[in-house]
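To start, the structure itself, in structure tokens.
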Amino acid sequence: MEMEEKKSCCTNKTTKRPEEELRKLVNRLSRIEGQVNGVKKMLQNDAYCTDILIQVSACQAAFNSFTKELLASHIKGCVAEGIKNGDEEIVDELVRTLQKLMK
């Protein structure tokens, strides 16, 4: 009897996310989109530079938070599953991704 290959949630460079996780990530991006639109309106309305910069900083913090959440999900899901399935390349891919994030 042949060994059945485990079905991964992360195959062919796509990830099937649980519905709740997807909803949380999309909601977070929608809030960030609103923040960015707010910055754009501030700029168009001649807001003071410092006020705009503070809002840009808030946008960056929101993106950082999104990135941390997505990265944690990736490590707990795709990376852990890849390691369990003997995919040694997944760790190298994670290292390359972290290097890009830390530029």
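Here, A, B, ... name the chains of the structure tokens in the order displayed, residue numbers run from 1 inside each chain, and ligands are numbered from 1 in the same displayed order.
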Taking only chain A into account, list the residues labelled strand (DSSP E) by DSSP (computed from the backbone), as an MDAnalysis selection string. chainID A and resid 10:11 14:15
Write out, as a compact mmCIF listing (two decimals), in the first residue's frame, the residues just selected, with N, CA and C atoms.
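For reference, out.txt as written:
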```txt
# COMPACT_ATOMS: atom_id res chain seq x y z
N CYS A 10 -0.90 24.84 2.57
CA CYS A 10 -0.02 25.76 1.84
C CYS A 10 0.60 25.00 0.66
N THR A 11 -0.11 24.96 -0.44
CA THR A 11 0.38 24.23 -1.59
C THR A 11 0.48 25.13 -2.81
N THR A 14 0.14 28.88 -2.56
CA THR A 14 -1.13 29.48 -2.14
C THR A 14 -1.41 28.96 -0.73
N THR A 15 -2.25 29.67 0.00
CA THR A 15 -2.60 29.25 1.35
C THR A 15 -4.10 29.33 1.54
```
Quick one: residues within 10 Å of Gly34 in chain A, only C-alpha atoms, excluding same-chain residues fewer than 6 positions away - as a VMD selection string? chain A and resid 28 40 59
Only N, CA and C atoms, please: the residues just picked out, written as a JSON list (two decimals), in the first residue's frame.
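Output contents, as saved in part_8.json:
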```
[["chain", "number", "residue", "atom", "x", "y", "z"],
["A", 28, "ARG", "N", -8.61, 43.91, 9.19],
["A", 28, "ARG", "CA", -7.45, 44.72, 9.56],
["A", 28, "ARG", "C", -6.98, 45.55, 8.36],
["A", 40, "LYS", "N", -4.52, 60.75, 3.01],
["A", 40, "LYS", "CA", -4.67, 61.39, 1.70],
["A", 40, "LYS", "C", -5.55, 62.63, 1.80],
["A", 59, "CYS", "N", -0.24, 54.45, 10.45],
["A", 59, "CYS", "CA", -0.43, 53.50, 9.35],
["A", 59, "CYS", "C", 0.69, 52.45, 9.34]]
```
Just list as JSON, numbers by chain whatever in range 3-49 of chain A DSSP marks as helix (DSSP H, G or I). {"A": [19, 20, 21, 22, 23, 24, 25, 26, 27, 28, 29, 30, 31, 32, 33, 34, 35, 36, 37, 38, 39, 40, 41, 42, 43, 44, 49]}
Would you write out those residues with N, CA, C and O atoms, as an mmCIF file, in the first residue's frame?
```
data_model
loop_
_atom_site.group_PDB
_atom_site.id
_atom_site.type_symbol
_atom_site.label_atom_id
_atom_site.label_comp_id
_atom_site.auth_asym_id
_atom_site.auth_seq_id
_atom_site.Cartn_x
_atom_site.Cartn_y
_atom_site.Cartn_z
ATOM 1 N N GLU A 19 -11.637 30.444 7.703
ATOM 2 C CA GLU A 19 -12.546 31.575 7.476
ATOM 3 C C GLU A 19 -12.355 32.689 8.510
ATOM 4 O O GLU A 19 -12.338 33.872 8.160
ATOM 5 N N GLU A 20 -12.217 32.332 9.773
ATOM 6 C CA GLU A 20 -12.061 33.328 10.839
ATOM 7 C C GLU A 20 -10.760 34.126 10.667
ATOM 8 O O GLU A 20 -10.744 35.348 10.819
ATOM 9 N N GLU A 21 -9.677 33.439 10.355
ATOM 10 C CA GLU A 21 -8.396 34.116 10.131
ATOM 11 C C GLU A 21 -8.486 35.069 8.944
ATOM 12 O O GLU A 21 -8.031 36.219 9.012
ATOM 13 N N LEU A 22 -9.083 34.600 7.856
ATOM 14 C CA LEU A 22 -9.247 35.422 6.658
ATOM 15 C C LEU A 22 -10.052 36.682 6.994
ATOM 16 O O LEU A 22 -9.685 37.792 6.605
ATOM 17 N N ARG A 23 -11.133 36.508 7.718
ATOM 18 C CA ARG A 23 -11.987 37.638 8.088
ATOM 19 C C ARG A 23 -11.213 38.663 8.912
ATOM 20 O O ARG A 23 -11.274 39.861 8.647
ATOM 21 N N LYS A 24 -10.443 38.194 9.892
ATOM 22 C CA LYS A 24 -9.662 39.106 10.736
ATOM 23 C C LYS A 24 -8.625 39.878 9.916
ATOM 24 O O LYS A 24 -8.454 41.083 10.099
ATOM 25 N N LEU A 25 -7.929 39.190 9.026
ATOM 26 C CA LEU A 25 -6.904 39.846 8.213
ATOM 27 C C LEU A 25 -7.513 40.862 7.255
ATOM 28 O O LEU A 25 -6.991 41.971 7.098
ATOM 29 N N VAL A 26 -8.626 40.498 6.623
ATOM 30 C CA VAL A 26 -9.289 41.419 5.697
ATOM 31 C C VAL A 26 -9.810 42.635 6.456
ATOM 32 O O VAL A 26 -9.670 43.780 5.988
ATOM 33 N N ASN A 27 -10.392 42.425 7.630
ATOM 34 C CA ASN A 27 -10.872 43.550 8.441
ATOM 35 C C ASN A 27 -9.732 44.486 8.828
ATOM 36 O O ASN A 27 -9.873 45.711 8.789
ATOM 37 N N ARG A 28 -8.606 43.906 9.191
ATOM 38 C CA ARG A 28 -7.447 44.719 9.561
ATOM 39 C C ARG A 28 -6.975 45.551 8.364
ATOM 40 O O ARG A 28 -6.678 46.737 8.496
ATOM 41 N N LEU A 29 -6.938 44.944 7.189
ATOM 42 C CA LEU A 29 -6.540 45.687 5.988
ATOM 43 C C LEU A 29 -7.545 46.777 5.636
ATOM 44 O O LEU A 29 -7.159 47.857 5.178
ATOM 45 N N SER A 30 -8.810 46.508 5.870
ATOM 46 C CA SER A 30 -9.829 47.530 5.605
ATOM 47 C C SER A 30 -9.635 48.739 6.522
ATOM 48 O O SER A 30 -9.788 49.884 6.087
ATOM 49 N N ARG A 31 -9.282 48.491 7.777
ATOM 50 C CA ARG A 31 -9.006 49.600 8.690
ATOM 51 C C ARG A 31 -7.770 50.384 8.239
ATOM 52 O O ARG A 31 -7.751 51.614 8.279
ATOM 53 N N ILE A 32 -6.749 49.670 7.788
ATOM 54 C CA ILE A 32 -5.542 50.336 7.289
ATOM 55 C C ILE A 32 -5.881 51.172 6.061
ATOM 56 O O ILE A 32 -5.417 52.313 5.922
ATOM 57 N N GLU A 33 -6.696 50.625 5.187
ATOM 58 C CA GLU A 33 -7.123 51.356 3.990
ATOM 59 C C GLU A 33 -7.818 52.659 4.387
ATOM 60 O O GLU A 33 -7.577 53.715 3.796
ATOM 61 N N GLY A 34 -8.655 52.589 5.406
ATOM 62 C CA GLY A 34 -9.319 53.792 5.905
ATOM 63 C C GLY A 34 -8.331 54.805 6.443
ATOM 64 O O GLY A 34 -8.467 56.019 6.213
ATOM 65 N N GLN A 35 -7.313 54.316 7.154
ATOM 66 C CA GLN A 35 -6.278 55.219 7.678
ATOM 67 C C GLN A 35 -5.526 55.903 6.541
ATOM 68 O O GLN A 35 -5.265 57.104 6.597
ATOM 69 N N VAL A 36 -5.166 55.139 5.522
ATOM 70 C CA VAL A 36 -4.426 55.697 4.384
ATOM 71 C C VAL A 36 -5.285 56.729 3.657
ATOM 72 O O VAL A 36 -4.785 57.802 3.283
ATOM 73 N N ASN A 37 -6.556 56.431 3.480
ATOM 74 C CA ASN A 37 -7.453 57.409 2.852
ATOM 75 C C ASN A 37 -7.551 58.677 3.697
ATOM 76 O O ASN A 37 -7.643 59.783 3.154
ATOM 77 N N GLY A 38 -7.527 58.530 5.015
ATOM 78 C CA GLY A 38 -7.546 59.686 5.904
ATOM 79 C C GLY A 38 -6.305 60.553 5.730
ATOM 80 O O GLY A 38 -6.389 61.787 5.711
ATOM 81 N N VAL A 39 -5.158 59.905 5.569
ATOM 82 C CA VAL A 39 -3.910 60.642 5.342
ATOM 83 C C VAL A 39 -3.988 61.400 4.013
ATOM 84 O O VAL A 39 -3.590 62.569 3.919
ATOM 85 N N LYS A 40 -4.523 60.749 3.010
ATOM 86 C CA LYS A 40 -4.669 61.385 1.696
ATOM 87 C C LYS A 40 -5.549 62.634 1.802
ATOM 88 O O LYS A 40 -5.219 63.693 1.259
ATOM 89 N N LYS A 41 -6.661 62.531 2.518
ATOM 90 C CA LYS A 41 -7.549 63.683 2.700
ATOM 91 C C LYS A 41 -6.861 64.795 3.483
ATOM 92 O O LYS A 41 -7.040 65.973 3.176
ATOM 93 N N MET A 42 -6.077 64.408 4.500
ATOM 94 C CA MET A 42 -5.338 65.419 5.264
ATOM 95 C C MET A 42 -4.411 66.204 4.336
ATOM 96 O O MET A 42 -4.322 67.425 4.416
ATOM 97 N N LEU A 43 -3.727 65.484 3.466
ATOM 98 C CA LEU A 43 -2.801 66.111 2.532
ATOM 99 C C LEU A 43 -3.555 67.049 1.583
ATOM 100 O O LEU A 43 -3.142 68.195 1.355
ATOM 101 N N GLN A 44 -4.664 66.564 1.066
ATOM 102 C CA GLN A 44 -5.470 67.372 0.134
ATOM 103 C C GLN A 44 -6.074 68.603 0.821
ATOM 104 O O GLN A 44 -6.329 69.613 0.180
ATOM 105 N N CYS A 49 2.065 69.463 8.455
ATOM 106 C CA CYS A 49 2.981 68.345 8.171
ATOM 107 C C CYS A 49 3.103 67.372 9.344
ATOM 108 O O CYS A 49 3.034 66.152 9.162
#
```
Using only C-alpha atoms: which of A:Gln60, A:Gln55, A:Thr97, A:Ser65 has the shortest distance to Val79 in chain A: A:Thr97
How many Å separate CA of Gly82 in chain A from CA of Asn12 in chain A?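 Separation between CA of Gly82 in chain A and CA of Asn12 in chain A: 12.4 Å.
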CA of Asp46 in chain A to CA of Phe66 in chain A: how many Å, to one decimal?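 These atoms are spaced 29.1 Å apart.
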Write out as a PDB file with all heavy atoms, in the first residue's frame the residues lying within 12 Å of range 90-92 of chain A, counting only C-alpha atoms and excluding same-chain residues fewer than 5 positions away.
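Writing the result to out-v5.pdb gives the following:
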```
ATOM      1  N   CYS A  10      -0.899  24.836   2.569  1.00  0.00           N
ATOM      2  CA  CYS A  10      -0.016  25.756   1.841  1.00  0.00           C
ATOM      3  C   CYS A  10       0.595  25.004   0.661  1.00  0.00           C
ATOM      4  O   CYS A  10       1.681  24.459   0.760  1.00  0.00           O
ATOM      5  CB  CYS A  10       1.090  26.266   2.748  1.00  0.00           C
ATOM      6  SG  CYS A  10       0.506  26.917   4.312  1.00  0.00           S
ATOM      7  N   THR A  11      -0.110  24.963  -0.442  1.00  0.00           N
ATOM      8  CA  THR A  11       0.385  24.227  -1.594  1.00  0.00           C
ATOM      9  C   THR A  11       0.479  25.131  -2.808  1.00  0.00           C
ATOM     10  O   THR A  11      -0.282  26.088  -2.945  1.00  0.00           O
ATOM     11  CB  THR A  11      -0.549  23.046  -1.937  1.00  0.00           C
ATOM     12  OG1 THR A  11      -1.857  23.550  -2.167  1.00  0.00           O
ATOM     13  CG2 THR A  11      -0.587  22.022  -0.826  1.00  0.00           C
ATOM     14  N   LYS A  13       2.295  27.480  -3.595  1.00  0.00           N
ATOM     15  CA  LYS A  13       2.458  28.900  -3.245  1.00  0.00           C
ATOM     16  C   LYS A  13       1.123  29.612  -3.047  1.00  0.00           C
ATOM     17  O   LYS A  13       0.971  30.782  -3.349  1.00  0.00           O
ATOM     18  CB  LYS A  13       3.320  29.630  -4.275  1.00  0.00           C
ATOM     19  CG  LYS A  13       4.719  29.064  -4.399  1.00  0.00           C
ATOM     20  CD  LYS A  13       5.484  29.248  -3.115  1.00  0.00           C
ATOM     21  CE  LYS A  13       6.864  28.641  -3.256  1.00  0.00           C
ATOM     22  NZ  LYS A  13       7.659  28.728  -2.065  1.00  0.00           N
ATOM     23  N   HIS A  74       1.743  32.078   9.402  1.00  0.00           N
ATOM     24  CA  HIS A  74       2.557  31.340   8.432  1.00  0.00           C
ATOM     25  C   HIS A  74       3.478  30.345   9.136  1.00  0.00           C
ATOM     26  O   HIS A  74       3.577  29.182   8.735  1.00  0.00           O
ATOM     27  CB  HIS A  74       3.371  32.325   7.590  1.00  0.00           C
ATOM     28  CG  HIS A  74       4.268  31.669   6.595  1.00  0.00           C
ATOM     29  ND1 HIS A  74       3.798  30.880   5.562  1.00  0.00           N
ATOM     30  CD2 HIS A  74       5.624  31.677   6.479  1.00  0.00           C
ATOM     31  CE1 HIS A  74       4.834  30.428   4.850  1.00  0.00           C
ATOM     32  NE2 HIS A  74       5.937  30.892   5.391  1.00  0.00           N
ATOM     33  N   ILE A  75       4.123  30.793  10.205  1.00  0.00           N
ATOM     34  CA  ILE A  75       5.053  29.916  10.925  1.00  0.00           C
ATOM     35  C   ILE A  75       4.304  28.759  11.581  1.00  0.00           C
ATOM     36  O   ILE A  75       4.715  27.597  11.477  1.00  0.00           O
ATOM     37  CB  ILE A  75       5.861  30.715  11.962  1.00  0.00           C
ATOM     38  CG1 ILE A  75       6.817  31.677  11.241  1.00  0.00           C
ATOM     39  CG2 ILE A  75       6.639  29.773  12.886  1.00  0.00           C
ATOM     40  CD1 ILE A  75       7.481  32.700  12.149  1.00  0.00           C
ATOM     41  N   GLY A  77       1.420  27.539  10.803  1.00  0.00           N
ATOM     42  CA  GLY A  77       0.734  26.689   9.836  1.00  0.00           C
ATOM     43  C   GLY A  77       1.660  26.124   8.789  1.00  0.00           C
ATOM     44  O   GLY A  77       2.112  24.980   8.884  1.00  0.00           O
ATOM     45  N   CYS A  78       1.984  26.937   7.802  1.00  0.00           N
ATOM     46  CA  CYS A  78       2.755  26.474   6.635  1.00  0.00           C
ATOM     47  C   CYS A  78       4.137  25.944   7.002  1.00  0.00           C
ATOM     48  O   CYS A  78       4.532  24.867   6.543  1.00  0.00           O
ATOM     49  CB  CYS A  78       2.897  27.609   5.626  1.00  0.00           C
ATOM     50  SG  CYS A  78       1.324  28.239   5.001  1.00  0.00           S
ATOM     51  N   VAL A  79       4.871  26.697   7.818  1.00  0.00           N
ATOM     52  CA  VAL A  79       6.240  26.285   8.143  1.00  0.00           C
ATOM     53  C   VAL A  79       6.233  25.019   9.005  1.00  0.00           C
ATOM     54  O   VAL A  79       6.950  24.059   8.711  1.00  0.00           O
ATOM     55  CB  VAL A  79       7.019  27.435   8.827  1.00  0.00           C
ATOM     56  CG1 VAL A  79       8.387  26.962   9.278  1.00  0.00           C
ATOM     57  CG2 VAL A  79       7.153  28.626   7.872  1.00  0.00           C
ATOM     58  N   ALA A  80       5.414  25.006  10.050  1.00  0.00           N
ATOM     59  CA  ALA A  80       5.353  23.827  10.918  1.00  0.00           C
ATOM     60  C   ALA A  80       4.924  22.593  10.130  1.00  0.00           C
ATOM     61  O   ALA A  80       5.498  21.509  10.281  1.00  0.00           O
ATOM     62  CB  ALA A  80       4.397  24.083  12.081  1.00  0.00           C
ATOM     63  N   GLU A  81       3.928  22.752   9.281  1.00  0.00           N
ATOM     64  CA  GLU A  81       3.443  21.633   8.472  1.00  0.00           C
ATOM     65  C   GLU A  81       4.517  21.162   7.484  1.00  0.00           C
ATOM     66  O   GLU A  81       4.710  19.974   7.296  1.00  0.00           O
ATOM     67  CB  GLU A  81       2.183  22.048   7.722  1.00  0.00           C
ATOM     68  CG  GLU A  81       1.487  20.904   7.049  1.00  0.00           C
ATOM     69  CD  GLU A  81       0.144  21.319   6.472  1.00  0.00           C
ATOM     70  OE1 GLU A  81      -0.546  22.145   7.091  1.00  0.00           O
ATOM     71  OE2 GLU A  81      -0.199  20.809   5.397  1.00  0.00           O
ATOM     72  N   GLY A  82       5.219  22.129   6.881  1.00  0.00           N
ATOM     73  CA  GLY A  82       6.288  21.766   5.954  1.00  0.00           C
ATOM     74  C   GLY A  82       7.390  20.978   6.636  1.00  0.00           C
ATOM     75  O   GLY A  82       7.888  19.982   6.093  1.00  0.00           O
ATOM     76  N   ILE A  83       7.762  21.403   7.825  1.00  0.00           N
ATOM     77  CA  ILE A  83       8.803  20.686   8.575  1.00  0.00           C
ATOM     78  C   ILE A  83       8.336  19.268   8.905  1.00  0.00           C
ATOM     79  O   ILE A  83       9.082  18.303   8.733  1.00  0.00           O
ATOM     80  CB  ILE A  83       9.186  21.467   9.849  1.00  0.00           C
ATOM     81  CG1 ILE A  83       9.943  22.748   9.461  1.00  0.00           C
ATOM     82  CG2 ILE A  83      10.026  20.607  10.780  1.00  0.00           C
ATOM     83  CD1 ILE A  83      10.145  23.722  10.601  1.00  0.00           C
ATOM     84  N   LYS A  84       7.084  19.139   9.365  1.00  0.00           N
ATOM     85  CA  LYS A  84       6.542  17.808   9.683  1.00  0.00           C
ATOM     86  C   LYS A  84       6.549  16.903   8.465  1.00  0.00           C
ATOM     87  O   LYS A  84       6.724  15.695   8.581  1.00  0.00           O
ATOM     88  CB  LYS A  84       5.116  17.938  10.211  1.00  0.00           C
ATOM     89  CG  LYS A  84       5.021  18.474  11.606  1.00  0.00           C
ATOM     90  CD  LYS A  84       3.557  18.613  12.013  1.00  0.00           C
ATOM     91  CE  LYS A  84       3.428  19.397  13.297  1.00  0.00           C
ATOM     92  NZ  LYS A  84       2.008  19.695  13.621  1.00  0.00           N
ATOM     93  N   ASN A  85       6.341  17.499   7.277  1.00  0.00           N
ATOM     94  CA  ASN A  85       6.291  16.714   6.038  1.00  0.00           C
ATOM     95  C   ASN A  85       7.658  16.541   5.392  1.00  0.00           C
ATOM     96  O   ASN A  85       7.751  16.033   4.283  1.00  0.00           O
ATOM     97  CB  ASN A  85       5.320  17.353   5.045  1.00  0.00           C
ATOM     98  CG  ASN A  85       3.878  17.254   5.495  1.00  0.00           C
ATOM     99  OD1 ASN A  85       3.521  16.379   6.266  1.00  0.00           O
ATOM    100  ND2 ASN A  85       3.042  18.160   5.015  1.00  0.00           N
ATOM    101  N   THR A  97      12.489  35.283   3.762  1.00  0.00           N
ATOM    102  CA  THR A  97      11.362  36.196   4.010  1.00  0.00           C
ATOM    103  C   THR A  97      11.676  37.126   5.170  1.00  0.00           C
ATOM    104  O   THR A  97      11.456  38.344   5.076  1.00  0.00           O
ATOM    105  CB  THR A  97      10.071  35.387   4.313  1.00  0.00           C
ATOM    106  OG1 THR A  97       9.770  34.587   3.165  1.00  0.00           O
ATOM    107  CG2 THR A  97       8.910  36.307   4.613  1.00  0.00           C
ATOM    108  N   LEU A  98      12.204  36.593   6.262  1.00  0.00           N
ATOM    109  CA  LEU A  98      12.556  37.414   7.419  1.00  0.00           C
ATOM    110  C   LEU A  98      13.631  38.442   7.055  1.00  0.00           C
ATOM    111  O   LEU A  98      13.578  39.596   7.516  1.00  0.00           O
ATOM    112  CB  LEU A  98      13.022  36.546   8.578  1.00  0.00           C
ATOM    113  CG  LEU A  98      11.933  35.706   9.239  1.00  0.00           C
ATOM    114  CD1 LEU A  98      12.545  34.732  10.241  1.00  0.00           C
ATOM    115  CD2 LEU A  98      10.890  36.574   9.889  1.00  0.00           C
ATOM    116  N   GLN A  99      14.590  38.033   6.243  1.00  0.00           N
ATOM    117  CA  GLN A  99      15.627  38.974   5.812  1.00  0.00           C
ATOM    118  C   GLN A  99      15.028  40.135   5.024  1.00  0.00           C
ATOM    119  O   GLN A  99      15.417  41.280   5.188  1.00  0.00           O
ATOM    120  CB  GLN A  99      16.703  38.256   4.993  1.00  0.00           C
ATOM    121  CG  GLN A  99      17.580  37.344   5.842  1.00  0.00           C
ATOM    122  CD  GLN A  99      18.490  36.455   5.018  1.00  0.00           C
ATOM    123  OE1 GLN A  99      18.249  36.197   3.838  1.00  0.00           O
ATOM    124  NE2 GLN A  99      19.549  35.953   5.653  1.00  0.00           N
TER     125      GLN A  99
END
```
Could you check which of A:Arg17, A:Ile52, A:Glu93, A:Met102 is closest to Thr67 in chain A, using only C-alpha atoms?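 Closest residue, counting only C-alpha atoms: A:Met102.
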